[in-house]
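Written out below as structure tokens is the structure these notes cover.
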Amino acid sequence: MSFARILQEIVDQCPGALGAALMGSDGIPIEQVASRDAGGAVADDVGMLGVEFGRVLEEVGKAAHASEAGAPEELSLRMERFQLILRHVDPEAYLVMALAPDGSAGKARFLLRRHLLRIRDEL
């Protein structure tokens, strides 16, 4: 199964999902999909959000390492116009999911965790 299919399945099953992207640790989007129902800049360019907010995930990783907390697995951000969830797949890749302000972050987190092994198998 392709990354696009897996990501589209996650987005389609999550209320309020705008889009999702699989990102390389270098900040380059490997694959991205948008919700079939949502429009706008956030849905159309989740990869760009992944680049920008991936830096935050990187800084959290440095702080976690310095405090001996272990590697971060997931980061959730809630902004005025959208929500983002970033989740590590492995040291070389992470997932980004964008949601509407009233989207179901709990369902998004569940779906990302549930499909994580399938994504790892594809890598």
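Each chain in the structure tokens gets a letter, A, B, ..., in the order shown, and its residues are numbered from 1; ligands are numbered from 1 in order too.
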Next on the checklist: For the structure I just gave you, how does DSSP split stretch 81-121 of chain A - specifically, which residues are helix (DSSP H, G or I)? Reply as a PyMOL selection string.
Outcome noted: chain A and resi 105-121
Generate the output file for the selected residues, N, CA and C atoms, as a PDB file, in the first residue's frame.
ATOM      1  N   ALA A 105      -8.863  15.937  17.731  1.00  0.00           N
ATOM      2  CA  ALA A 105      -7.435  15.666  17.954  1.00  0.00           C
ATOM      3  C   ALA A 105      -7.226  14.275  18.551  1.00  0.00           C
ATOM      4  N   GLY A 106      -8.122  13.842  19.415  1.00  0.00           N
ATOM      5  CA  GLY A 106      -7.998  12.509  20.009  1.00  0.00           C
ATOM      6  C   GLY A 106      -8.091  11.416  18.958  1.00  0.00           C
ATOM      7  N   LYS A 107      -9.032  11.552  18.047  1.00  0.00           N
ATOM      8  CA  LYS A 107      -9.182  10.563  16.968  1.00  0.00           C
ATOM      9  C   LYS A 107      -7.964  10.617  16.050  1.00  0.00           C
ATOM     10  N   ALA A 108      -7.463  11.813  15.770  1.00  0.00           N
ATOM     11  CA  ALA A 108      -6.272  11.951  14.921  1.00  0.00           C
ATOM     12  C   ALA A 108      -5.078  11.245  15.563  1.00  0.00           C
ATOM     13  N   ARG A 109      -4.878  11.462  16.843  1.00  0.00           N
ATOM     14  CA  ARG A 109      -3.759  10.820  17.545  1.00  0.00           C
ATOM     15  C   ARG A 109      -3.898   9.297  17.497  1.00  0.00           C
ATOM     16  N   PHE A 110      -5.117   8.818  17.718  1.00  0.00           N
ATOM     17  CA  PHE A 110      -5.378   7.377  17.666  1.00  0.00           C
ATOM     18  C   PHE A 110      -5.063   6.820  16.280  1.00  0.00           C
ATOM     19  N   LEU A 111      -5.551   7.480  15.233  1.00  0.00           N
ATOM     20  CA  LEU A 111      -5.337   6.991  13.864  1.00  0.00           C
ATOM     21  C   LEU A 111      -3.864   7.018  13.471  1.00  0.00           C
ATOM     22  N   LEU A 112      -3.150   8.048  13.876  1.00  0.00           N
ATOM     23  CA  LEU A 112      -1.714   8.109  13.573  1.00  0.00           C
ATOM     24  C   LEU A 112      -0.985   6.948  14.244  1.00  0.00           C
ATOM     25  N   ARG A 113      -1.304   6.682  15.508  1.00  0.00           N
ATOM     26  CA  ARG A 113      -0.677   5.556  16.214  1.00  0.00           C
ATOM     27  C   ARG A 113      -1.061   4.227  15.571  1.00  0.00           C
ATOM     28  N   ARG A 114      -2.330   4.095  15.210  1.00  0.00           N
ATOM     29  CA  ARG A 114      -2.827   2.838  14.649  1.00  0.00           C
ATOM     30  C   ARG A 114      -2.174   2.490  13.317  1.00  0.00           C
ATOM     31  N   HIS A 115      -1.883   3.485  12.504  1.00  0.00           N
ATOM     32  CA  HIS A 115      -1.307   3.247  11.177  1.00  0.00           C
ATOM     33  C   HIS A 115       0.218   3.367  11.147  1.00  0.00           C
ATOM     34  N   LEU A 116       0.810   3.609  12.272  1.00  0.00           N
ATOM     35  CA  LEU A 116       2.253   3.811  12.349  1.00  0.00           C
ATOM     36  C   LEU A 116       3.047   2.609  11.831  1.00  0.00           C
ATOM     37  N   LEU A 117       2.656   1.408  12.206  1.00  0.00           N
ATOM     38  CA  LEU A 117       3.375   0.209  11.752  1.00  0.00           C
ATOM     39  C   LEU A 117       3.289   0.037  10.241  1.00  0.00           C
ATOM     40  N   ARG A 118       2.132   0.337   9.661  1.00  0.00           N
ATOM     41  CA  ARG A 118       1.987   0.234   8.202  1.00  0.00           C
ATOM     42  C   ARG A 118       2.919   1.215   7.504  1.00  0.00           C
ATOM     43  N   ILE A 119       3.026   2.399   8.055  1.00  0.00           N
ATOM     44  CA  ILE A 119       3.919   3.404   7.467  1.00  0.00           C
ATOM     45  C   ILE A 119       5.367   2.973   7.613  1.00  0.00           C
ATOM     46  N   ARG A 120       5.710   2.464   8.783  1.00  0.00           N
ATOM     47  CA  ARG A 120       7.089   1.972   8.991  1.00  0.00           C
ATOM     48  C   ARG A 120       7.412   0.833   8.038  1.00  0.00           C
ATOM     49  N   ASP A 121       6.456  -0.055   7.825  1.00  0.00           N
ATOM     50  CA  ASP A 121       6.678  -1.174   6.896  1.00  0.00           C
ATOM     51  C   ASP A 121       6.931  -0.676   5.477  1.00  0.00           C
TER      52      ASP A 121
END
Checklist entry - Near stretch 20-33 of chain A, within 7 Å and counting only C-alpha atoms, which residues show up once chain neighbours fewer than 3 positions away are dropped, as a list in words? => result Phe3, Ala4, Leu7, Gln8, Val11, Val46, Gly47, Gly50, Val51, Glu92, Ala93, Tyr94, Leu95, Val96, Met97 and Ala98 of chain A
Next on the checklist: When DSSP is applied to the backbone of this structure, which of chain A are assigned strand (DSSP E)? Write them out as number ranges by chain.
Outcome noted: A: 17-24, 29-34, 74-78, 83-90, 93-99
I need the residues from that last selection saved to file as a PDB file, in the first residue's frame (with C-alpha atoms), if you can.
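File selection00.pdb, as written:
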ATOM      1  CA  ALA A  17      -8.994  16.615   9.340  1.00  0.00           C
ATOM      2  CA  LEU A  18      -7.576  19.035   6.769  1.00  0.00           C
ATOM      3  CA  GLY A  19      -4.618  17.010   5.549  1.00  0.00           C
ATOM      4  CA  ALA A  20      -1.592  14.925   6.471  1.00  0.00           C
ATOM      5  CA  ALA A  21       2.005  14.572   5.350  1.00  0.00           C
ATOM      6  CA  LEU A  22       4.871  12.163   5.786  1.00  0.00           C
ATOM      7  CA  MET A  23       8.047  14.202   6.169  1.00  0.00           C
ATOM      8  CA  GLY A  24      11.697  13.257   5.942  1.00  0.00           C
ATOM      9  CA  PRO A  29       7.738  16.071   2.232  1.00  0.00           C
ATOM     10  CA  ILE A  30       7.744  12.431   1.138  1.00  0.00           C
ATOM     11  CA  GLU A  31       3.982  12.396   0.561  1.00  0.00           C
ATOM     12  CA  GLN A  32       1.058  14.623   1.447  1.00  0.00           C
ATOM     13  CA  VAL A  33      -2.705  14.432   1.072  1.00  0.00           C
ATOM     14  CA  ALA A  34      -5.570  16.845   1.651  1.00  0.00           C
ATOM     15  CA  GLU A  74       4.391  13.217  19.612  1.00  0.00           C
ATOM     16  CA  LEU A  75       3.764  16.951  19.687  1.00  0.00           C
ATOM     17  CA  SER A  76       0.351  18.623  19.560  1.00  0.00           C
ATOM     18  CA  LEU A  77      -0.119  22.308  18.783  1.00  0.00           C
ATOM     19  CA  ARG A  78      -3.374  24.206  18.905  1.00  0.00           C
ATOM     20  CA  GLN A  83      -4.380  22.263  15.074  1.00  0.00           C
ATOM     21  CA  LEU A  84      -1.269  20.260  14.232  1.00  0.00           C
ATOM     22  CA  ILE A  85      -0.122  16.881  15.452  1.00  0.00           C
ATOM     23  CA  LEU A  86       3.441  15.790  14.725  1.00  0.00           C
ATOM     24  CA  ARG A  87       4.483  12.187  15.398  1.00  0.00           C
ATOM     25  CA  HIS A  88       7.852  10.518  14.906  1.00  0.00           C
ATOM     26  CA  VAL A  89       7.807   7.477  12.637  1.00  0.00           C
ATOM     27  CA  ASP A  90      11.518   6.724  13.051  1.00  0.00           C
ATOM     28  CA  ALA A  93      10.720  10.547   9.274  1.00  0.00           C
ATOM     29  CA  TYR A  94       7.735  12.088  11.014  1.00  0.00           C
ATOM     30  CA  LEU A  95       4.036  12.558  10.348  1.00  0.00           C
ATOM     31  CA  VAL A  96       2.148  15.854  10.365  1.00  0.00           C
ATOM     32  CA  MET A  97      -1.623  16.082  10.544  1.00  0.00           C
ATOM     33  CA  ALA A  98      -3.572  19.330  10.286  1.00  0.00           C
ATOM     34  CA  LEU A  99      -7.046  19.678  11.750  1.00  0.00           C
TER      35      LEU A  99
END
Item to check | Contact residues around A:Arg81 with only C-alpha atoms at 8 Å, ignoring same-chain residues under 2 positions, as a list in words | outcome: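 The residues satisfying every condition are Met79, Gln83, Ala100 and Pro101 of chain A.
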Export of the given selection (C-alpha atoms) as a compact mmCIF listing (two decimals), in the first residue's frame:
# COMPACT_ATOMS: atom_id res chain seq x y z
CA MET A 79 -3.51 27.53 17.12
CA GLN A 83 -4.38 22.26 15.07
CA ALA A 100 -9.70 22.35 11.86
CA PRO A 101 -9.90 24.19 15.22
Checklist entry - Could you pull the residues within 9 Å of stretch 60-62 of chain A, counting only C-alpha atoms, minus those fewer than 5 positions along the same chain, as a list in words? => result Arg55, Ser67, Gly70, Ala71, Pro72 and Leu75 of chain A
Next on the checklist: Between atom CA of A:Arg36 and atom CA of A:Asp12, what distance in Å does the model show, to one decimal?
Outcome noted: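 Here the two named atoms are 7.8 Å from each other.
What separates atom CA of A:Ala69 from atom CA of A:Gly54 is a distance of 19.1 Å.
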